[in-house]
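Coordinates as given in my_file-v4.cif (mmCIF, C-alpha atoms):
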```
data_final
loop_
_atom_site.label_atom_id
_atom_site.label_comp_id
_atom_site.auth_asym_id
_atom_site.auth_seq_id
_atom_site.Cartn_x
_atom_site.Cartn_y
_atom_site.Cartn_z
CA MET G 6 14.39 7.00 16.41
CA LEU G 7 15.17 6.29 12.77
CA ARG G 8 18.81 7.39 12.83
CA VAL G 9 21.23 4.73 14.06
CA ALA G 10 24.96 5.03 14.67
CA LEU G 11 26.85 2.29 12.84
CA ALA G 12 29.14 1.92 15.88
CA ASP G 13 26.07 0.91 17.90
CA LEU G 14 25.12 -1.66 15.24
CA ARG G 15 28.62 -3.15 15.30
CA ALA G 16 28.20 -3.62 19.06
CA GLY G 17 24.83 -5.38 18.73
CA ALA G 18 21.23 -5.08 17.60
CA VAL G 19 19.47 -1.72 17.96
CA GLU G 20 15.72 -1.24 18.44
CA THR G 21 14.21 1.41 16.14
CA ASN G 22 10.86 2.69 17.36
CA ASP G 23 9.32 5.93 16.19
CA GLU G 24 6.10 7.58 15.13
CA ILE G 25 5.80 9.62 11.95
CA PRO G 26 3.03 12.26 11.88
CA ALA G 27 0.10 11.61 9.54
CA GLY G 28 0.72 14.77 7.51
CA ASP G 29 4.41 14.14 6.77
CA PRO G 30 4.83 15.08 3.08
CA ARG G 31 7.56 12.46 2.57
CA PHE G 32 4.92 9.75 3.01
CA ALA G 33 2.25 11.33 0.82
CA ALA G 34 0.83 9.37 -2.10
CA ALA G 35 -1.33 10.54 -4.98
CA ASP G 36 -4.50 8.56 -4.32
CA VAL G 37 -4.17 7.54 -0.66
CA GLU G 38 -4.24 9.79 2.41
CA VAL G 39 -2.44 8.81 5.61
CA ILE G 40 -4.92 9.72 8.37
CA ALA G 41 -3.14 8.34 11.46
CA PRO G 42 0.46 8.53 12.62
CA ILE G 43 2.69 5.81 11.21
CA SER G 44 3.90 3.64 14.07
CA VAL G 45 7.34 2.20 13.30
CA ARG G 46 8.83 -0.72 15.25
CA GLY G 47 12.00 -2.36 14.09
CA ARG G 48 15.30 -3.92 14.90
CA ALA G 49 18.55 -3.28 13.06
CA SER G 50 21.55 -5.58 13.30
CA ARG G 51 24.83 -6.33 11.60
CA ALA G 52 24.62 -8.83 8.72
CA GLY G 53 28.23 -9.13 7.63
CA GLU G 54 31.05 -6.87 6.61
CA GLY G 55 29.55 -3.54 5.53
CA GLN G 56 25.99 -4.89 5.64
CA TYR G 57 23.17 -4.33 8.09
CA TYR G 58 19.73 -5.90 8.26
CA TRP G 59 16.66 -3.97 9.36
CA ARG G 60 13.43 -5.79 10.11
CA VAL G 61 10.63 -3.22 10.47
CA THR G 62 6.89 -3.23 10.98
CA PHE G 63 4.87 -0.11 10.27
CA GLU G 64 1.22 0.48 11.01
CA THR G 65 -1.25 3.27 10.21
CA ARG G 66 -4.72 4.02 8.84
CA LEU G 67 -5.34 5.20 5.28
CA ARG G 68 -8.20 6.90 3.46
CA ALA G 69 -8.74 6.06 -0.19
CA GLU G 70 -11.55 5.83 -2.74
CA CYS G 71 -13.38 2.58 -3.37
CA ARG G 72 -12.32 1.40 -6.81
CA ARG G 73 -15.93 0.52 -7.71
CA CYS G 74 -18.16 3.26 -6.26
CA LEU G 75 -15.61 5.99 -5.46
CA SER G 76 -16.82 6.33 -1.84
CA PRO G 77 -14.19 7.26 0.74
CA VAL G 78 -12.92 4.22 2.64
CA GLU G 79 -10.69 3.98 5.71
CA VAL G 80 -8.41 0.95 5.76
CA PRO G 81 -5.82 -0.24 8.24
CA MET G 82 -2.30 -0.85 7.00
CA VAL G 83 0.13 -3.15 8.77
CA GLU G 84 3.23 -4.25 6.92
CA SER G 85 6.41 -6.02 7.95
CA VAL G 86 9.48 -5.90 5.72
CA GLY G 87 13.17 -6.64 5.87
CA VAL G 88 15.80 -4.51 4.15
CA VAL G 89 19.55 -4.74 3.82
CA LEU G 90 21.72 -1.65 4.06
CA SER G 91 25.08 -2.15 2.40
CA THR G 92 28.24 -0.27 1.49
CA ASP G 93 28.65 -2.56 -1.56
CA PRO G 94 27.56 -0.52 -4.62
CA HIS G 95 26.61 -3.69 -6.55
CA ALA G 96 24.17 -4.80 -3.86
CA SER G 97 22.01 -1.71 -4.41
CA GLU G 98 20.83 -3.16 -7.72
CA SER G 99 18.88 -5.85 -5.85
CA GLU G 100 15.38 -5.41 -4.44
CA GLY G 101 15.33 -4.60 -0.74
CA PHE G 102 18.93 -3.33 -0.71
CA TYR G 103 19.85 0.25 0.12
CA LEU G 104 23.25 1.77 -0.43
CA LEU G 105 25.21 3.32 2.44
CA PRO G 106 28.04 5.76 1.83
CA PRO G 107 31.36 3.91 2.39
CA ARG G 108 32.50 6.17 5.24
CA ALA G 109 29.11 6.70 6.87
CA GLN G 110 29.08 7.04 10.67
CA ASP G 111 25.34 6.65 11.01
CA VAL G 112 22.37 5.66 8.88
CA ASP G 113 19.05 7.42 8.44
CA LEU G 114 16.37 4.75 8.01
CA THR G 115 13.70 7.23 6.91
CA GLU G 116 14.34 6.85 3.17
CA PRO G 117 14.22 3.02 3.13
CA LEU G 118 11.08 3.20 5.30
CA ARG G 119 9.50 5.74 2.93
CA GLU G 120 10.20 3.60 -0.12
CA GLU G 121 8.94 0.38 1.50
CA PHE G 122 5.85 2.23 2.77
CA LEU G 123 4.98 3.54 -0.70
CA LEU G 124 5.52 0.09 -2.22
CA ALA G 125 3.19 -1.46 0.37
CA LEU G 126 0.28 0.93 -0.22
CA PRO G 127 -2.84 -0.91 -1.41
CA HIS G 128 -3.44 -0.59 -5.14
CA PHE G 129 -7.16 -1.33 -5.03
CA VAL G 130 -9.48 -0.52 -2.15
CA GLU G 131 -13.11 -1.61 -1.97
CA CYS G 132 -15.69 -0.31 0.49
CA ARG G 133 -17.02 -3.85 0.84
CA PRO G 134 -16.60 -7.13 -1.07
CA ASP G 135 -20.07 -6.96 -2.65
CA CYS G 136 -19.82 -3.31 -3.78
CA LYS G 137 -22.07 -2.81 -6.81
CA GLY G 138 -20.19 0.22 -8.10
CA LEU G 139 -21.56 3.00 -10.26
CA CYS G 140 -24.13 2.83 -13.05
CA PRO G 141 -22.20 3.06 -16.32
CA SER G 142 -24.93 5.24 -17.83
CA CYS G 143 -25.87 7.80 -15.19
CA GLY G 144 -23.10 7.36 -12.58
CA ALA G 145 -25.45 6.67 -9.64
CA ASN G 146 -24.07 4.67 -6.73
CA LEU G 147 -25.78 1.27 -7.11
CA ASN G 148 -25.12 0.44 -3.43
CA GLU G 149 -27.79 2.99 -2.56
CA GLY G 150 -30.37 1.25 -4.75
CA PRO G 151 -31.23 0.93 -8.43
CA CYS G 152 -30.63 4.06 -10.45
CA GLY G 153 -33.80 3.93 -12.56
CA CYS G 154 -32.10 5.47 -15.56
CA GLY G 155 -33.61 2.84 -17.85
CA ARG G 156 -30.37 1.79 -19.44
CA ALA G 157 -30.82 0.89 -23.06
CA SER G 158 -30.19 -2.76 -23.81
CA ASP G 159 -27.35 -3.66 -26.12
CA SER G 160 -28.83 -4.98 -29.37
CA ARG G 161 -25.77 -7.15 -29.94
CA TRP G 162 -27.12 -9.54 -27.28
CA ASP G 163 -30.64 -9.86 -28.77
CA ALA G 164 -29.94 -13.18 -30.52
CA LEU G 165 -28.63 -14.70 -27.29
CA ARG G 166 -31.62 -13.35 -25.33
CA ALA G 167 -33.96 -14.94 -27.89
CA LEU G 168 -32.27 -18.32 -27.37
CA ALA G 169 -32.53 -17.96 -23.60
CA ASP G 170 -36.19 -17.01 -23.84
CA HIS G 171 -36.87 -19.95 -26.17
CA ASP G 172 -35.20 -22.43 -23.77
CA SER G 173 -36.81 -21.09 -20.61
CA PRO G 174 -39.31 -23.44 -18.87
CA GLU G 175 -42.05 -20.81 -19.12
CA SER G 176 -42.36 -21.23 -22.91
#
```

Please express the file's structure as structure tokens.
Amino acid sequence: MLRVALADLRAGAVETNDEIPAGDPRFAAADVEVIAPISVRGRASRAGEGQYYWRVTFETRLRAECRRCLSPVEVPMVESVGVVLSTDPHASESEGFYLLPPRAQDVDLTEPLREEFLLALPHFVECRPDCKGLCPSCGANLNEGPCGCGRASDSRWDALRALADHDSPES
């Protein structure tokens, strides 16, 4: 349940556990696909006059493209964040603060969760640490073997190659 009555929070801490379906459009991102339900476990409590603290952990599985070879990759995502919900309009300018309407009776935690989820998405995903990527000439996946396109050497490096050849022990 991601909607909490403020009267309940004034009485004590409230557990917030829910599961958001994988296809929920509010949690969609341009280059990452959510492929498993988002498990949400949290605890909201009062943090002063007009302020409430929500500590939440969310967990799911994502599908994205490897940044080197563009292969699809599934990655787990587990993130734990803390946010402050406040009726003070000046507090909303700070990171991790979310504004509550002054006369609110309850709070919907979906929007803070959505924002924190999108901020936590991985920027760069790799299929493996030693991914060789794509050939810059022909675009072949170098993880599957050499491309054999016979890339032309860059003539700007010829002088350096000549020095290396001259200093090699074989000469």

Practice task
Please evaluate the PyMOL selection byres ((chain G and resi 24-33) around 12) against the structure above and give the resulting residues as an MDAnalysis selection string.
Solution key: chainID G and resid 6:7 21:23 34:47 62:68 115:126

Problem - Residue members of the PyMOL selection byres ((chain G and resi 11) around 9) in the file shown, as a count of residues only - result: 13

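Minimum atom-to-atom distances from G:Cys132, G:Ala167, G:Cys154, G:Val19 to Arg73 in chain G were compared using all atoms listed in the file, and the lowest value belongs to G:Cys132.
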
Completion exercise
One residue among G:Ser160, G:Ser142, G:Ser50, G:Asn148 is nearest to Gly87 in chain G when using all atoms listed in the file, and that residue is G:Ser50

Handout entry: Interatomic distance, CA of Pro94 in chain G to CA of Ala52 in chain G (Å, one decimal)
Key = 16.0 Å

What are the centre and the three edge lengths of an axis-aligned box that wraps all atoms of range 125-144 of chain G in the file, given that 8 Å is added to every side, written as AutoDock Vina command-line options and rounded to one decimal in Å?
```
--center_x -11.3 --center_y 0.3 --center_z -8.5 --size_x 45.1 --size_y 30.9 --size_z 34.7
```

Handout entry: Point-to-point distance in Å for CA of Phe129 in chain G and CA of Val88 in chain G
Key =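 Spanning CA of Val88 in chain G to CA of Phe129 in chain G is a straight-line distance of 24.9 Å.
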
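Of note, CA of Cys143 in chain G and CA of Leu75 in chain G are spaced 14.3 Å apart.
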
Handout entry: From G:Gly101, G:Gly17, G:Met82, G:Arg108, residue lying nearest Gly55 in chain G [all atoms listed in the file]
Key =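 Once distances to Gly55 in chain G are computed over all atoms listed in the file, the minimum belongs to G:Arg108.
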
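Nearest-residue note for Ser91 in chain G: choosing from G:Pro106, G:Asp135, G:Ala69, G:Gln56, the minimum distance belongs to G:Gln56, counting only C-alpha atoms.
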
Range 68-142 of chain G dumped to file, C-alpha atoms, as a PDB file, in the first residue's frame:
```
ATOM      1  CA  ARG G  68      16.458  -5.392 -19.443  1.00  0.00           C
ATOM      2  CA  ALA G  69      18.790  -2.980 -21.205  1.00  0.00           C
ATOM      3  CA  GLU G  70      21.367  -2.946 -23.993  1.00  0.00           C
ATOM      4  CA  CYS G  71      25.042  -3.491 -23.292  1.00  0.00           C
ATOM      5  CA  ARG G  72      26.755  -0.160 -23.841  1.00  0.00           C
ATOM      6  CA  ARG G  73      29.599  -1.843 -25.755  1.00  0.00           C
ATOM      7  CA  CYS G  74      28.042  -4.573 -27.931  1.00  0.00           C
ATOM      8  CA  LEU G  75      24.336  -3.629 -27.814  1.00  0.00           C
ATOM      9  CA  SER G  76      23.289  -7.150 -26.727  1.00  0.00           C
ATOM     10  CA  PRO G  77      20.243  -7.378 -24.463  1.00  0.00           C
ATOM     11  CA  VAL G  78      21.221  -7.757 -20.803  1.00  0.00           C
ATOM     12  CA  GLU G  79      19.095  -8.543 -17.751  1.00  0.00           C
ATOM     13  CA  VAL G  80      20.266  -6.884 -14.548  1.00  0.00           C
ATOM     14  CA  PRO G  81      18.919  -6.934 -11.016  1.00  0.00           C
ATOM     15  CA  MET G  82      18.105  -3.629  -9.375  1.00  0.00           C
ATOM     16  CA  VAL G  83      17.975  -3.189  -5.611  1.00  0.00           C
ATOM     17  CA  GLU G  84      17.976   0.320  -4.215  1.00  0.00           C
ATOM     18  CA  SER G  85      17.347   1.770  -0.778  1.00  0.00           C
ATOM     19  CA  VAL G  86      16.581   5.469  -0.375  1.00  0.00           C
ATOM     20  CA  GLY G  87      15.234   7.857   2.204  1.00  0.00           C
ATOM     21  CA  VAL G  88      12.934  10.755   1.376  1.00  0.00           C
ATOM     22  CA  VAL G  89      11.352  13.513   3.405  1.00  0.00           C
ATOM     23  CA  LEU G  90       7.782  14.595   2.779  1.00  0.00           C
ATOM     24  CA  SER G  91       7.122  18.095   4.048  1.00  0.00           C
ATOM     25  CA  THR G  92       4.429  20.757   4.109  1.00  0.00           C
ATOM     26  CA  ASP G  93       7.171  23.437   4.117  1.00  0.00           C
ATOM     27  CA  PRO G  94       7.332  24.871   0.561  1.00  0.00           C
ATOM     28  CA  HIS G  95      11.003  25.864   0.991  1.00  0.00           C
ATOM     29  CA  ALA G  96      12.047  22.305   1.813  1.00  0.00           C
ATOM     30  CA  SER G  97      10.964  21.088  -1.634  1.00  0.00           C
ATOM     31  CA  GLU G  98      13.958  22.852  -3.169  1.00  0.00           C
ATOM     32  CA  SER G  99      16.288  20.327  -1.526  1.00  0.00           C
ATOM     33  CA  GLU G 100      17.165  16.923  -2.963  1.00  0.00           C
ATOM     34  CA  GLY G 101      15.134  14.085  -1.493  1.00  0.00           C
ATOM     35  CA  PHE G 102      12.330  16.379  -0.292  1.00  0.00           C
ATOM     36  CA  TYR G 103       8.782  16.167  -1.594  1.00  0.00           C
ATOM     37  CA  LEU G 104       6.107  18.749  -0.982  1.00  0.00           C
ATOM     38  CA  LEU G 105       2.812  17.821   0.682  1.00  0.00           C
ATOM     39  CA  PRO G 106      -0.259  20.018   0.370  1.00  0.00           C
ATOM     40  CA  PRO G 107      -0.716  21.916   3.669  1.00  0.00           C
ATOM     41  CA  ARG G 108      -4.142  20.415   4.427  1.00  0.00           C
ATOM     42  CA  ALA G 109      -3.481  16.915   3.111  1.00  0.00           C
ATOM     43  CA  GLN G 110      -5.202  14.051   4.949  1.00  0.00           C
ATOM     44  CA  ASP G 111      -3.148  11.334   3.314  1.00  0.00           C
ATOM     45  CA  VAL G 112      -0.063  11.000   1.147  1.00  0.00           C
ATOM     46  CA  ASP G 113       0.414   9.013  -2.039  1.00  0.00           C
ATOM     47  CA  LEU G 114       3.993   7.708  -2.065  1.00  0.00           C
ATOM     48  CA  THR G 115       3.848   6.599  -5.704  1.00  0.00           C
ATOM     49  CA  GLU G 116       5.269   9.829  -7.144  1.00  0.00           C
ATOM     50  CA  PRO G 117       8.301  10.012  -4.811  1.00  0.00           C
ATOM     51  CA  LEU G 118       8.901   6.301  -5.475  1.00  0.00           C
ATOM     52  CA  ARG G 119       8.656   6.857  -9.241  1.00  0.00           C
ATOM     53  CA  GLU G 120      11.141   9.722  -9.161  1.00  0.00           C
ATOM     54  CA  GLU G 121      13.630   7.868  -6.939  1.00  0.00           C
ATOM     55  CA  PHE G 122      13.264   4.756  -9.121  1.00  0.00           C
ATOM     56  CA  LEU G 123      14.030   6.680 -12.321  1.00  0.00           C
ATOM     57  CA  LEU G 124      17.016   8.375 -10.672  1.00  0.00           C
ATOM     58  CA  ALA G 125      18.379   4.993  -9.565  1.00  0.00           C
ATOM     59  CA  LEU G 126      18.229   3.356 -13.003  1.00  0.00           C
ATOM     60  CA  PRO G 127      21.679   2.270 -14.207  1.00  0.00           C
ATOM     61  CA  HIS G 128      23.185   4.626 -16.773  1.00  0.00           C
ATOM     62  CA  PHE G 129      25.580   2.115 -18.291  1.00  0.00           C
ATOM     63  CA  VAL G 130      25.005  -1.622 -18.520  1.00  0.00           C
ATOM     64  CA  GLU G 131      27.598  -4.103 -19.733  1.00  0.00           C
ATOM     65  CA  CYS G 132      26.945  -7.728 -20.639  1.00  0.00           C
ATOM     66  CA  ARG G 133      30.215  -8.663 -18.939  1.00  0.00           C
ATOM     67  CA  PRO G 134      33.274  -6.763 -17.681  1.00  0.00           C
ATOM     68  CA  ASP G 135      35.498  -7.911 -20.561  1.00  0.00           C
ATOM     69  CA  CYS G 136      32.987  -7.126 -23.342  1.00  0.00           C
ATOM     70  CA  LYS G 137      34.911  -6.391 -26.552  1.00  0.00           C
ATOM     71  CA  GLY G 138      32.125  -4.369 -28.126  1.00  0.00           C
ATOM     72  CA  LEU G 139      31.502  -3.842 -31.818  1.00  0.00           C
ATOM     73  CA  CYS G 140      34.005  -3.465 -34.647  1.00  0.00           C
ATOM     74  CA  PRO G 141      34.127   0.237 -35.504  1.00  0.00           C
ATOM     75  CA  SER G 142      34.402  -0.588 -39.219  1.00  0.00           C
TER      76      SER G 142
END
```
